[in-house]
Amino acid sequence: MKNTVYRRWMLPSLLALLMAVGGGTAAGAGESGSRAGPGDANATPEPLTLRRQTLIVRDIERSLRLYRDAIGMEVIYDNIIRRAHATEDRDQAIRLVFLKASNDFIGVLGLVDYEYGNPEHPVHVKPVRKEGFTPGNSVVLFNTTELEKRWHLIEAVEGVEVITGPSYREYPSYDGTSTIRVNVTTFYDPDGFLVEFNQPLDPIH
């Protein structure tokens, strides 16, 4: 019963939390040549943007060793939110981190630990699902120019499970008249999320 209650309040609480911080200066400042963030007074809002994917993780420091240290993302927001627990008589610490690749508004990756500093909580020992490329799962996909430099760092992160190492693949171009050549890698991150870390060999339009 306790786990059922926990799952029921988790989703709306996460949505409220992410909406509250999503427009802040740290995650919203625009870059030269990039889409303007909500902090830019003179910006014309886009009608629709895919802003961020947020991963709920078991060990946020371990996740940072992958996404920040090995893959090379940059932390642009890192805070601990403390509040009264919604269903239990105790305080709760939530750590929320945003990382950027090359743009601090579009394509941001979020990491959140709902029981930060509480390692004995059941959420931290929840079994990791590794179901492959099947319905109900998503893929975090990176394009890089540094596959050779980064790949050995990714493999070395505790909890990473390689599905396929660097391999050459070809895909039809967007207009179907040519081929896009890509060096592809696929792996599970420490929480079982599917990740591709790929280096295109041709311009992608």
# chains A, B, ... in the order shown; residues from 1 in each chain; ligands from 1
>>> residues_around(residues="Arg51 in chain A", least_positions_apart="6", cutoff="8 Å", atoms="only C-alpha atoms", output="tab-separated table (two decimals) with N, CA and C atoms, in the first residue's frame")
chain	number	residue	atom	x	y	z
A	105	PHE	N	18.64	25.69	-23.66
A	105	PHE	CA	17.19	25.75	-23.62
A	105	PHE	C	16.55	24.54	-24.31
A	106	ILE	N	17.08	24.17	-25.47
A	106	ILE	CA	16.55	23.03	-26.21
A	106	ILE	C	17.45	21.82	-25.96
A	107	GLY	N	16.83	20.66	-25.75
A	107	GLY	CA	17.61	19.44	-25.59
A	107	GLY	C	18.32	19.32	-24.26
A	108	VAL	N	17.76	19.93	-23.23
A	108	VAL	CA	18.33	19.82	-21.89
A	108	VAL	C	17.94	18.46	-21.29
>>> residues_around(residues="range 146-148 of chain A", least_positions_apart="4", cutoff="10 Å", atoms="only C-alpha atoms", output="mmCIF file with C-alpha atoms, in the first residue's frame")
data_model
loop_
_atom_site.group_PDB
_atom_site.id
_atom_site.type_symbol
_atom_site.label_atom_id
_atom_site.label_comp_id
_atom_site.auth_asym_id
_atom_site.auth_seq_id
_atom_site.Cartn_x
_atom_site.Cartn_y
_atom_site.Cartn_z
ATOM 1 C CA ILE A 71 29.559 12.180 -22.157
ATOM 2 C CA GLY A 72 30.622 15.776 -21.533
ATOM 3 C CA HIS A 152 36.103 4.469 -23.264
ATOM 4 C CA LEU A 153 34.947 6.900 -20.547
ATOM 5 C CA ILE A 154 31.326 5.838 -21.051
ATOM 6 C CA PRO A 166 30.923 1.664 -32.167
ATOM 7 C CA ASN A 183 29.012 5.510 -36.260
ATOM 8 C CA VAL A 184 26.512 4.244 -33.677
ATOM 9 C CA THR A 185 26.795 3.052 -30.081
ATOM 10 C CA PHE A 197 25.887 8.087 -28.513
ATOM 11 C CA ASN A 198 26.484 8.531 -32.225
ATOM 12 C CA GLN A 199 28.889 10.324 -34.527
ATOM 13 C CA PRO A 200 27.410 11.340 -37.900
#
>>> closest_residue(among="A:Leu48, A:Lys100, A:Val112, A:Glu161", to="Asn79 in chain A", atoms="only C-alpha atoms")
A:Val112
>>> residues_around(residues="Tyr171 in chain A", least_positions_apart="4", cutoff="10 Å", atoms="only C-alpha atoms", output="list in words")
Gly176, Ser178, Thr179, Ile180, Arg181 and Val182 of chain A
>>> write_last_selection(atoms="N, CA, C and O atoms", output="compact mmCIF listing (two decimals), in the first residue's frame")
# COMPACT_ATOMS: atom_id res chain seq x y z
N GLY A 176 15.49 11.22 -49.15
CA GLY A 176 15.56 9.91 -49.77
C GLY A 176 16.48 9.80 -50.97
O GLY A 176 16.51 8.75 -51.62
N SER A 178 19.90 10.31 -50.88
CA SER A 178 21.28 9.99 -50.54
C SER A 178 21.30 9.19 -49.24
O SER A 178 20.26 8.77 -48.73
N THR A 179 22.49 8.99 -48.70
CA THR A 179 22.67 8.17 -47.50
C THR A 179 23.34 8.99 -46.40
O THR A 179 24.24 9.79 -46.66
N ILE A 180 22.88 8.78 -45.18
CA ILE A 180 23.53 9.37 -44.01
C ILE A 180 24.35 8.28 -43.33
O ILE A 180 23.82 7.24 -42.94
N ARG A 181 25.65 8.52 -43.21
CA ARG A 181 26.54 7.54 -42.59
C ARG A 181 26.80 7.93 -41.13
O ARG A 181 27.08 9.09 -40.83
N VAL A 182 26.69 6.94 -40.24
CA VAL A 182 26.78 7.22 -38.81
C VAL A 182 27.56 6.10 -38.13
O VAL A 182 27.35 4.91 -38.43
>>> closest_residue(among="A:Tyr174, A:Tyr77, A:Tyr168, A:Tyr188", to="Leu141 in chain A", atoms="only C-alpha atoms")
A:Tyr188
